[in-house]
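Data block for protein.pdb (PDB, C-alpha atoms):
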ATOM      1  CA  MET A   1     157.426  77.595-143.323  1.00  0.00           C
ATOM      2  CA  ASN A   2     153.656  78.235-143.413  1.00  0.00           C
ATOM      3  CA  ASN A   3     151.946  81.208-141.794  1.00  0.00           C
ATOM      4  CA  PHE A   4     150.853  79.267-138.711  1.00  0.00           C
ATOM      5  CA  LYS A   5     154.415  78.169-137.922  1.00  0.00           C
ATOM      6  CA  VAL A   6     155.720  81.713-138.441  1.00  0.00           C
ATOM      7  CA  ARG A   7     153.067  83.095-136.077  1.00  0.00           C
ATOM      8  CA  LEU A   8     153.846  80.364-133.565  1.00  0.00           C
ATOM      9  CA  VAL A   9     157.578  81.104-133.569  1.00  0.00           C
ATOM     10  CA  ILE A  10     156.986  84.858-133.210  1.00  0.00           C
ATOM     11  CA  GLY A  11     154.476  84.226-130.420  1.00  0.00           C
ATOM     12  CA  VAL A  12     156.910  81.992-128.534  1.00  0.00           C
ATOM     13  CA  VAL A  13     159.676  84.601-128.839  1.00  0.00           C
ATOM     14  CA  ILE A  14     157.406  87.375-127.543  1.00  0.00           C
ATOM     15  CA  ALA A  15     156.262  85.168-124.660  1.00  0.00           C
ATOM     16  CA  LEU A  16     159.865  84.348-123.711  1.00  0.00           C
ATOM     17  CA  ILE A  17     160.809  88.033-123.772  1.00  0.00           C
ATOM     18  CA  ALA A  18     157.828  88.853-121.512  1.00  0.00           C
ATOM     19  CA  VAL A  19     158.734  86.117-119.023  1.00  0.00           C
ATOM     20  CA  ILE A  20     162.459  86.967-118.956  1.00  0.00           C
ATOM     21  CA  SER A  21     161.652  90.670-118.537  1.00  0.00           C
ATOM     22  CA  TYR A  22     159.323  89.855-115.626  1.00  0.00           C
ATOM     23  CA  PHE A  23     161.918  87.794-113.769  1.00  0.00           C
ATOM     24  CA  MET A  24     164.555  90.482-114.308  1.00  0.00           C
ATOM     25  CA  LYS A  25     162.392  92.874-112.294  1.00  0.00           C
ATOM     26  CA  THR A  26     163.268  91.180-108.996  1.00  0.00           C
ATOM     27  CA  ASP A  27     163.946  93.567-106.129  1.00  0.00           C
ATOM     28  CA  GLU A  28     164.213  93.220-102.357  1.00  0.00           C
ATOM     29  CA  ASN A  29     161.513  94.962-100.361  1.00  0.00           C
ATOM     30  CA  PRO A  30     163.266  97.521 -98.100  1.00  0.00           C
ATOM     31  CA  VAL A  31     160.800  96.854 -95.261  1.00  0.00           C
ATOM     32  CA  THR A  32     159.868  93.172 -95.404  1.00  0.00           C
ATOM     33  CA  GLY A  33     163.033  91.840 -97.056  1.00  0.00           C
ATOM     34  CA  GLU A  34     160.853  89.846 -99.472  1.00  0.00           C
ATOM     35  CA  LYS A  35     162.107  89.275-103.013  1.00  0.00           C
ATOM     36  CA  GLN A  36     159.471  90.754-105.300  1.00  0.00           C
ATOM     37  CA  LYS A  37     158.856  91.294-108.999  1.00  0.00           C
ATOM     38  CA  VAL A  38     158.239  95.036-109.302  1.00  0.00           C
ATOM     39  CA  SER A  39     158.239  97.505-112.184  1.00  0.00           C
ATOM     40  CA  LEU A  40     159.088 100.595-110.125  1.00  0.00           C
ATOM     41  CA  THR A  41     161.932 101.608-107.852  1.00  0.00           C
ATOM     42  CA  VAL A  42     161.024 102.999-104.427  1.00  0.00           C
ATOM     43  CA  ASP A  43     161.792 106.526-105.657  1.00  0.00           C
ATOM     44  CA  GLN A  44     159.556 105.986-108.696  1.00  0.00           C
ATOM     45  CA  GLU A  45     156.744 104.729-106.443  1.00  0.00           C
ATOM     46  CA  ILE A  46     156.979 107.862-104.291  1.00  0.00           C
ATOM     47  CA  ALA A  47     157.097 110.137-107.362  1.00  0.00           C
ATOM     48  CA  LEU A  48     154.136 108.391-108.991  1.00  0.00           C
ATOM     49  CA  GLY A  49     152.060 108.665-105.815  1.00  0.00           C
ATOM     50  CA  LEU A  50     152.819 112.363-105.385  1.00  0.00           C
ATOM     51  CA  GLN A  51     152.104 113.038-109.043  1.00  0.00           C
ATOM     52  CA  SER A  52     148.785 111.149-108.990  1.00  0.00           C
ATOM     53  CA  ALA A  53     147.478 112.412-105.627  1.00  0.00           C
ATOM     54  CA  PRO A  54     146.034 115.771-106.831  1.00  0.00           C
ATOM     55  CA  GLU A  55     144.067 114.031-109.590  1.00  0.00           C
ATOM     56  CA  MET A  56     142.658 111.472-107.139  1.00  0.00           C
ATOM     57  CA  ILE A  57     141.696 114.227-104.682  1.00  0.00           C
ATOM     58  CA  GLN A  58     139.881 116.106-107.450  1.00  0.00           C
ATOM     59  CA  GLU A  59     138.093 112.945-108.616  1.00  0.00           C
ATOM     60  CA  PHE A  60     136.574 112.467-105.141  1.00  0.00           C
ATOM     61  CA  GLY A  61     135.415 116.046-104.707  1.00  0.00           C
ATOM     62  CA  GLY A  62     138.518 117.522-103.101  1.00  0.00           C
ATOM     63  CA  GLU A  63     139.706 117.356 -99.501  1.00  0.00           C
ATOM     64  CA  TYR A  64     136.949 117.302 -96.877  1.00  0.00           C
ATOM     65  CA  ARG A  65     136.405 120.825 -95.591  1.00  0.00           C
ATOM     66  CA  ASP A  66     136.263 120.062 -91.838  1.00  0.00           C
ATOM     67  CA  GLN A  67     139.816 120.677 -90.628  1.00  0.00           C
ATOM     68  CA  LYS A  68     139.220 118.850 -87.333  1.00  0.00           C
ATOM     69  CA  LEU A  69     138.192 115.646 -89.083  1.00  0.00           C
ATOM     70  CA  ARG A  70     141.135 115.887 -91.461  1.00  0.00           C
ATOM     71  CA  ALA A  71     143.451 116.353 -88.467  1.00  0.00           C
ATOM     72  CA  TYR A  72     141.839 113.306 -86.827  1.00  0.00           C
ATOM     73  CA  VAL A  73     142.632 111.128 -89.850  1.00  0.00           C
ATOM     74  CA  ASP A  74     146.181 112.517 -89.944  1.00  0.00           C
ATOM     75  CA  ARG A  75     146.712 111.813 -86.242  1.00  0.00           C
ATOM     76  CA  VAL A  76     145.581 108.203 -86.441  1.00  0.00           C
ATOM     77  CA  GLY A  77     147.579 107.568 -89.605  1.00  0.00           C
ATOM     78  CA  GLU A  78     150.711 109.165 -88.206  1.00  0.00           C
ATOM     79  CA  LYS A  79     150.423 107.157 -84.985  1.00  0.00           C
ATOM     80  CA  LEU A  80     150.321 103.920 -86.999  1.00  0.00           C
ATOM     81  CA  VAL A  81     153.383 104.981 -88.978  1.00  0.00           C
ATOM     82  CA  GLU A  82     155.359 106.127 -85.947  1.00  0.00           C
ATOM     83  CA  GLN A  83     154.681 102.970 -83.933  1.00  0.00           C
ATOM     84  CA  THR A  84     155.502 100.470 -86.697  1.00  0.00           C
ATOM     85  CA  GLU A  85     158.055  99.529 -89.307  1.00  0.00           C
ATOM     86  CA  ALA A  86     156.242 101.831 -91.736  1.00  0.00           C
ATOM     87  CA  GLY A  87     157.945 104.762 -90.013  1.00  0.00           C
ATOM     88  CA  ARG A  88     161.346 103.215 -90.713  1.00  0.00           C
ATOM     89  CA  SER A  89     160.546 102.666 -94.359  1.00  0.00           C
ATOM     90  CA  PRO A  90     161.666 104.951 -97.204  1.00  0.00           C
ATOM     91  CA  TYR A  91     158.040 105.870 -97.920  1.00  0.00           C
ATOM     92  CA  LYS A  92     156.569 109.287 -97.145  1.00  0.00           C
ATOM     93  CA  PHE A  93     153.062 108.763 -95.794  1.00  0.00           C
ATOM     94  CA  ASP A  94     150.351 111.387 -96.237  1.00  0.00           C
ATOM     95  CA  PHE A  95     146.731 110.838 -95.215  1.00  0.00           C
ATOM     96  CA  HIS A  96     143.829 112.446 -97.046  1.00  0.00           C
ATOM     97  CA  LEU A  97     140.146 112.713 -96.085  1.00  0.00           C
ATOM     98  CA  LEU A  98     138.164 113.055 -99.310  1.00  0.00           C
ATOM     99  CA  ALA A  99     134.916 115.032 -99.540  1.00  0.00           C
ATOM    100  CA  ASP A 100     132.959 112.337-101.395  1.00  0.00           C
ATOM    101  CA  GLU A 101     129.890 111.563 -99.232  1.00  0.00           C
ATOM    102  CA  LYS A 102     128.520 108.747-101.408  1.00  0.00           C
ATOM    103  CA  THR A 103     131.464 106.507-102.360  1.00  0.00           C
ATOM    104  CA  VAL A 104     132.454 104.230 -99.472  1.00  0.00           C
ATOM    105  CA  ASN A 105     136.135 103.690-100.153  1.00  0.00           C
ATOM    106  CA  ALA A 106     139.724 103.831 -98.938  1.00  0.00           C
ATOM    107  CA  PHE A 107     142.786 103.258-101.074  1.00  0.00           C
ATOM    108  CA  ALA A 108     146.525 103.844-101.325  1.00  0.00           C
ATOM    109  CA  LEU A 109     148.727 105.094-104.127  1.00  0.00           C
ATOM    110  CA  PRO A 110     152.314 103.861-104.494  1.00  0.00           C
ATOM    111  CA  GLY A 111     154.802 105.531-102.176  1.00  0.00           C
ATOM    112  CA  GLY A 112     152.530 106.403 -99.241  1.00  0.00           C
ATOM    113  CA  GLN A 113     149.593 108.565-100.368  1.00  0.00           C
ATOM    114  CA  ILE A 114     146.575 107.177 -98.479  1.00  0.00           C
ATOM    115  CA  PHE A 115     142.936 108.195 -98.884  1.00  0.00           C
ATOM    116  CA  ILE A 116     139.626 107.593 -97.125  1.00  0.00           C
ATOM    117  CA  THR A 117     136.302 109.057 -98.218  1.00  0.00           C
ATOM    118  CA  TYR A 118     134.005 110.852 -95.821  1.00  0.00           C
ATOM    119  CA  ALA A 119     131.329 108.353 -96.893  1.00  0.00           C
ATOM    120  CA  LEU A 120     133.363 105.594 -95.226  1.00  0.00           C
ATOM    121  CA  LEU A 121     134.637 107.634 -92.273  1.00  0.00           C
ATOM    122  CA  LYS A 122     131.109 108.630 -91.185  1.00  0.00           C
ATOM    123  CA  ARG A 123     130.170 104.931 -90.972  1.00  0.00           C
ATOM    124  CA  LEU A 124     133.071 104.080 -88.654  1.00  0.00           C
ATOM    125  CA  LYS A 125     132.146 104.056 -84.990  1.00  0.00           C
ATOM    126  CA  ASN A 126     135.508 104.613 -83.294  1.00  0.00           C
ATOM    127  CA  GLU A 127     139.201 105.384 -83.713  1.00  0.00           C
ATOM    128  CA  ASP A 128     140.135 101.709 -83.673  1.00  0.00           C
ATOM    129  CA  GLN A 129     138.064 101.057 -86.793  1.00  0.00           C
ATOM    130  CA  LEU A 130     139.711 104.005 -88.541  1.00  0.00           C
ATOM    131  CA  ALA A 131     143.120 102.630 -87.532  1.00  0.00           C
ATOM    132  CA  GLY A 132     142.126  99.291 -89.075  1.00  0.00           C
ATOM    133  CA  VAL A 133     141.243 100.928 -92.387  1.00  0.00           C
ATOM    134  CA  LEU A 134     144.397 103.057 -92.503  1.00  0.00           C
ATOM    135  CA  GLY A 135     146.606 100.204 -91.298  1.00  0.00           C
ATOM    136  CA  HIS A 136     145.303  98.042 -94.124  1.00  0.00           C
ATOM    137  CA  GLU A 137     146.176 100.745 -96.670  1.00  0.00           C
ATOM    138  CA  ILE A 138     149.646 101.223 -95.139  1.00  0.00           C
ATOM    139  CA  GLY A 139     150.052  97.480 -95.651  1.00  0.00           C
ATOM    140  CA  HIS A 140     149.462  97.909 -99.383  1.00  0.00           C
ATOM    141  CA  VAL A 141     152.214 100.529 -99.570  1.00  0.00           C
ATOM    142  CA  VAL A 142     154.764  98.633 -97.465  1.00  0.00           C
ATOM    143  CA  ASN A 143     154.204  95.452 -99.462  1.00  0.00           C
ATOM    144  CA  ARG A 144     154.594  97.346-102.761  1.00  0.00           C
ATOM    145  CA  HIS A 145     151.383  95.881-104.144  1.00  0.00           C
ATOM    146  CA  SER A 146     150.978  98.566-106.825  1.00  0.00           C
ATOM    147  CA  ALA A 147     154.489  98.021-108.182  1.00  0.00           C
ATOM    148  CA  GLU A 148     153.905  94.258-108.137  1.00  0.00           C
ATOM    149  CA  HIS A 149     150.580  94.631-109.893  1.00  0.00           C
ATOM    150  CA  ILE A 150     152.098  96.768-112.665  1.00  0.00           C
ATOM    151  CA  ALA A 151     154.802  94.139-113.253  1.00  0.00           C
ATOM    152  CA  LYS A 152     152.205  91.368-113.387  1.00  0.00           C
ATOM    153  CA  GLN A 153     150.048  93.369-115.786  1.00  0.00           C
ATOM    154  CA  GLU A 154     153.026  93.870-118.075  1.00  0.00           C
ATOM    155  CA  LEU A 155     153.717  90.125-118.022  1.00  0.00           C
ATOM    156  CA  THR A 156     150.065  89.294-118.657  1.00  0.00           C
ATOM    157  CA  GLN A 157     149.822  91.747-121.542  1.00  0.00           C
ATOM    158  CA  GLY A 158     153.004  90.330-123.072  1.00  0.00           C
ATOM    159  CA  LEU A 159     151.658  86.774-122.892  1.00  0.00           C
ATOM    160  CA  ILE A 160     148.270  87.843-124.283  1.00  0.00           C
ATOM    161  CA  HIS A 161     150.017  89.584-127.199  1.00  0.00           C
ATOM    162  CA  ALA A 162     152.068  86.441-127.825  1.00  0.00           C
ATOM    163  CA  THR A 163     148.912  84.293-127.812  1.00  0.00           C
ATOM    164  CA  ASP A 164     147.118  86.671-130.169  1.00  0.00           C
ATOM    165  CA  ILE A 165     149.953  86.459-132.680  1.00  0.00           C
ATOM    166  CA  ALA A 166     150.362  82.680-132.378  1.00  0.00           C
ATOM    167  CA  THR A 167     146.634  81.921-132.789  1.00  0.00           C
ATOM    168  CA  GLY A 168     145.776  84.744-135.172  1.00  0.00           C
ATOM    169  CA  ASP A 169     142.521  85.557-133.338  1.00  0.00           C
ATOM    170  CA  ALA A 170     141.267  88.276-131.005  1.00  0.00           C
ATOM    171  CA  GLY A 171     142.556  86.466-127.942  1.00  0.00           C
ATOM    172  CA  MET A 172     139.289  86.461-125.997  1.00  0.00           C
ATOM    173  CA  ILE A 173     140.179  83.297-124.055  1.00  0.00           C
ATOM    174  CA  SER A 174     143.671  84.506-123.193  1.00  0.00           C
ATOM    175  CA  ARG A 175     142.277  87.867-122.050  1.00  0.00           C
ATOM    176  CA  PHE A 176     139.762  86.122-119.799  1.00  0.00           C
ATOM    177  CA  VAL A 177     142.483  83.902-118.299  1.00  0.00           C
ATOM    178  CA  GLY A 178     144.769  86.915-117.861  1.00  0.00           C
ATOM    179  CA  SER A 179     142.093  88.903-116.060  1.00  0.00           C
ATOM    180  CA  MET A 180     141.395  85.949-113.743  1.00  0.00           C
ATOM    181  CA  ILE A 181     145.108  85.709-112.885  1.00  0.00           C
ATOM    182  CA  ASN A 182     145.278  89.393-111.969  1.00  0.00           C
ATOM    183  CA  MET A 183     142.082  89.178-109.925  1.00  0.00           C
ATOM    184  CA  LYS A 184     143.632  86.362-107.925  1.00  0.00           C
ATOM    185  CA  TYR A 185     146.659  88.498-107.217  1.00  0.00           C
ATOM    186  CA  GLY A 186     144.333  91.292-106.092  1.00  0.00           C
ATOM    187  CA  ARG A 187     142.578  89.079-103.559  1.00  0.00           C
ATOM    188  CA  GLU A 188     145.895  87.829-102.172  1.00  0.00           C
ATOM    189  CA  ASP A 189     147.049  91.429-101.784  1.00  0.00           C
ATOM    190  CA  GLU A 190     143.907  92.309 -99.835  1.00  0.00           C
ATOM    191  CA  LEU A 191     144.376  89.415 -97.429  1.00  0.00           C
ATOM    192  CA  GLU A 192     148.052  90.268 -96.959  1.00  0.00           C
ATOM    193  CA  SER A 193     147.139  93.884 -96.197  1.00  0.00           C
ATOM    194  CA  ASP A 194     144.494  92.693 -93.737  1.00  0.00           C
ATOM    195  CA  GLU A 195     147.265  90.866 -91.865  1.00  0.00           C
ATOM    196  CA  TYR A 196     149.501  93.927 -91.854  1.00  0.00           C
ATOM    197  CA  GLY A 197     146.588  96.046 -90.666  1.00  0.00           C
ATOM    198  CA  VAL A 198     146.120  93.695 -87.696  1.00  0.00           C
ATOM    199  CA  LYS A 199     149.861  93.667 -86.994  1.00  0.00           C
ATOM    200  CA  TYR A 200     150.087  97.471 -87.038  1.00  0.00           C
ATOM    201  CA  MET A 201     147.010  97.800 -84.816  1.00  0.00           C
ATOM    202  CA  PHE A 202     148.585  95.519 -82.207  1.00  0.00           C
ATOM    203  CA  GLU A 203     151.841  97.474 -82.336  1.00  0.00           C
ATOM    204  CA  SER A 204     150.038 100.833 -82.024  1.00  0.00           C
ATOM    205  CA  GLY A 205     147.731  99.864 -79.162  1.00  0.00           C
ATOM    206  CA  TYR A 206     144.487  99.567 -81.136  1.00  0.00           C
ATOM    207  CA  ARG A 207     141.948  96.742 -80.851  1.00  0.00           C
ATOM    208  CA  PRO A 208     142.332  94.563 -83.970  1.00  0.00           C
ATOM    209  CA  GLU A 209     138.927  92.908 -83.416  1.00  0.00           C
ATOM    210  CA  THR A 210     137.371  96.114 -84.716  1.00  0.00           C
ATOM    211  CA  MET A 211     138.653  95.181 -88.190  1.00  0.00           C
ATOM    212  CA  ILE A 212     135.909  92.560 -88.208  1.00  0.00           C
ATOM    213  CA  ASP A 213     133.361  95.305 -87.525  1.00  0.00           C
ATOM    214  CA  VAL A 214     134.759  97.240 -90.516  1.00  0.00           C
ATOM    215  CA  MET A 215     134.221  94.196 -92.744  1.00  0.00           C
ATOM    216  CA  ARG A 216     130.614  93.986 -91.541  1.00  0.00           C
ATOM    217  CA  ILE A 217     130.127  97.692 -92.299  1.00  0.00           C
ATOM    218  CA  LEU A 218     131.428  97.106 -95.837  1.00  0.00           C
ATOM    219  CA  GLN A 219     129.184  94.062 -96.148  1.00  0.00           C
ATOM    220  CA  ASP A 220     126.150  96.138 -95.128  1.00  0.00           C
ATOM    221  CA  VAL A 221     127.058  98.871 -97.626  1.00  0.00           C
ATOM    222  CA  SER A 222     127.198  96.321-100.448  1.00  0.00           C
ATOM    223  CA  GLY A 223     123.667  95.261 -99.554  1.00  0.00           C
ATOM    224  CA  GLY A 224     124.643  91.634 -99.995  1.00  0.00           C
ATOM    225  CA  GLY A 225     124.891  92.127-103.764  1.00  0.00           C
ATOM    226  CA  ARG A 226     128.301  91.305-105.166  1.00  0.00           C
ATOM    227  CA  GLN A 227     130.022  89.270-107.819  1.00  0.00           C
ATOM    228  CA  PRO A 228     131.190  85.737-107.012  1.00  0.00           C
ATOM    229  CA  GLU A 229     134.514  85.931-105.177  1.00  0.00           C
ATOM    230  CA  PHE A 230     136.565  84.456-108.028  1.00  0.00           C
ATOM    231  CA  MET A 231     135.347  87.296-110.263  1.00  0.00           C
ATOM    232  CA  SER A 232     136.303  90.037-107.823  1.00  0.00           C
ATOM    233  CA  THR A 233     139.549  91.692-106.810  1.00  0.00           C
ATOM    234  CA  HIS A 234     138.423  91.640-103.180  1.00  0.00           C
ATOM    235  CA  PRO A 235     137.763  88.480-101.157  1.00  0.00           C
ATOM    236  CA  SER A 236     134.195  88.020 -99.952  1.00  0.00           C
ATOM    237  CA  PRO A 237     133.470  89.685 -96.589  1.00  0.00           C
ATOM    238  CA  GLU A 238     132.763  86.265 -95.051  1.00  0.00           C
ATOM    239  CA  ASN A 239     136.150  84.964 -96.178  1.00  0.00           C
ATOM    240  CA  ARG A 240     137.955  88.061 -94.918  1.00  0.00           C
ATOM    241  CA  ILE A 241     136.220  87.912 -91.535  1.00  0.00           C
ATOM    242  CA  GLN A 242     137.262  84.293 -91.072  1.00  0.00           C
ATOM    243  CA  LYS A 243     140.847  85.069 -92.101  1.00  0.00           C
ATOM    244  CA  LEU A 244     140.924  88.071 -89.769  1.00  0.00           C
ATOM    245  CA  LYS A 245     139.873  85.922 -86.829  1.00  0.00           C
ATOM    246  CA  GLU A 246     142.726  83.528 -87.611  1.00  0.00           C
ATOM    247  CA  ILE A 247     145.257  86.372 -87.969  1.00  0.00           C
ATOM    248  CA  ILE A 248     144.168  88.038 -84.713  1.00  0.00           C
ATOM    249  CA  ALA A 249     144.463  84.741 -82.853  1.00  0.00           C
ATOM    250  CA  LYS A 250     147.944  84.231 -84.310  1.00  0.00           C
ATOM    251  CA  TYR A 251     149.199  87.613 -83.131  1.00  0.00           C
ATOM    252  CA  ARG A 252     147.586  87.239 -79.710  1.00  0.00           C
ATOM    253  CA  ASP A 253     149.514  83.990 -79.213  1.00  0.00           C
ATOM    254  CA  LYS A 254     152.859  85.651 -79.987  1.00  0.00           C
TER     255      LYS A 254
END

The structure in this file should be written as structure tokens.
Amino acid sequence: MNNFKVRLVIGVVIALIAVISYFMKTDENPVTGEKQKVSLTVDQEIALGLQSAPEMIQEFGGEYRDQKLRAYVDRVGEKLVEQTEAGRSPYKFDFHLLADEKTVNAFALPGGQIFITYALLKRLKNEDQLAGVLGHEIGHVVNRHSAEHIAKQELTQGLIHATDIATGDAGMISRFVGSMINMKYGREDELESDEYGVKYMFESGYRPETMIDVMRILQDVSGGGRQPEFMSTHPSPENRIQKLKEIIAKYRDK
């Protein structure tokens, strides 16, 4: 057997192992009931979030010093949790206002650690908009997007390794394809979390239309300069606004 055939056989075996391992990671979401491919148990998600939170807080300049504003973020976040299925989930939600005054951002770690920078908070005009941002991040946690993403990354890396061995090259094409696959998953996660944000706003008495205003704020911050949508983990603001209008109409009709 020549070297190419040996590499091909080894590559196929590695690819099969990666695929089988991925499908063995199926778990039922304790909140949504969805069957998902995840690399972490719920307890591991919570532990990872708690372990990573101090580092993330430090990276964004620490907690914002104004106790009243921090309490405001906590109150809105806790209201969303208490009024929705998030409060009946196994996750332990904590809300953090970060001191960073330049980086417009909000994000969630696995297990319920949720962050918003002061740079974003100061641009929001009312409590409803804050609820939209926090509800979106709660959606990421409830839908276990981080655990899903880790599983998909492991699969992608396994397939890339298999391709590298089979072809005997640096795998530039396979890496590009792999990154495009993961970006697609990222955009789908964002749209799913937008829907959960709207759902949680309805259930908590907030005005979901203000989510559209948040998207316009983010659009203004970007200054119109962004990568093409297919090269980004986030959908374009225009796409998200259109989807949000459809989601809001759907929940109003229920």

Kindly compute an axis-aligned box around the listed atoms of range 108-126 of chain A, allowing 3 Å on each side, and express its centre and edge lengths in Å to one decimal as JSON.
{"center_x": 142.5, "center_y": 107.3, "center_z": -93.9, "size_x": 30.6, "size_y": 13.0, "size_z": 27.2}

> With distances taken over only C-alpha atoms, which of A:Glu101, A:Glu137, A:Val42, A:Arg144 is nearest to Leu120 in chain A?
Replying inline: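 Among A:Glu101, A:Glu137, A:Val42, A:Arg144, it is A:Glu101 that comes nearest to Leu120 in chain A.
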
> Taking into account all atoms listed in the file, which residue in the set A:Arg88, A:Leu97, A:Glu63, A:Met56 is nearest to Arg75 in chain A?
Replying inline: A:Leu97

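Selection by the PyMOL selection byres ((chain A and resi 25-39) around 9) on the present file picks out Ile20, Ser21, Tyr22, Phe23, Met24, Leu40, Thr41, Val42, Glu85, Ala86, Arg88, Ser89, Pro90, Val142, Asn143, Arg144, His145, Ser146, Ala147, Glu148, His149, Ile150, Ala151, Lys152 and Glu154 of chain A.
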
> So what do you get for CA of Ala131 in chain A versus CA of Asp220 in chain A, distance-wise?
Replying inline: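 If I compute the distance from CA of Ala131 in chain A to CA of Asp220 in chain A, I get 19.7 Å.
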
>> If we draw a sphere of 12 Å around (146.5, 110.2, -96.4), which residues have at least one atom in it when counting only C-alpha atoms? Please report them as a PyMOL selection string.
In response: chain A and resi 49-50+53-54+56-57+63-64+70-78+80-81+92-98+106-117+133-135+137-138+141

>> So, with all atoms listed in the file as the atoms that count, which of A:Leu218, A:Ile212, A:Ala119, A:Ile248 lies closest to Tyr200 in chain A?
In response: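 Nearest candidate to Tyr200 in chain A out of A:Leu218, A:Ile212, A:Ala119, A:Ile248: A:Ile248.
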
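Between CA of Gly132 in chain A and CA of Gln153 in chain A the interatomic distance comes to 28.5 Å.
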
> By how many Å are CA of Asp43 in chain A and CA of Phe60 in chain A apart?
Replying inline: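 Rounded to one decimal, the two atoms are 25.9 Å apart.
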
> With only C-alpha atoms as the atoms that count, which of A:Pro208, A:Asp100, A:Ser222, A:His136 lies nearest to Tyr196 in chain A?
Replying inline: A:His136

> So, counting only C-alpha atoms, which residue among A:Asp66, A:Leu244, A:Tyr91, A:Val104 is closest to Leu124 in chain A?
Replying inline: A:Val104

> Care to translate the PyMOL selection byres ((chain A and resi 240) around 12) into actual residues of this file, as a PyMOL selection string?
Replying inline: chain A and resi 187-195+211-216+218-219+229+234-239+241-248
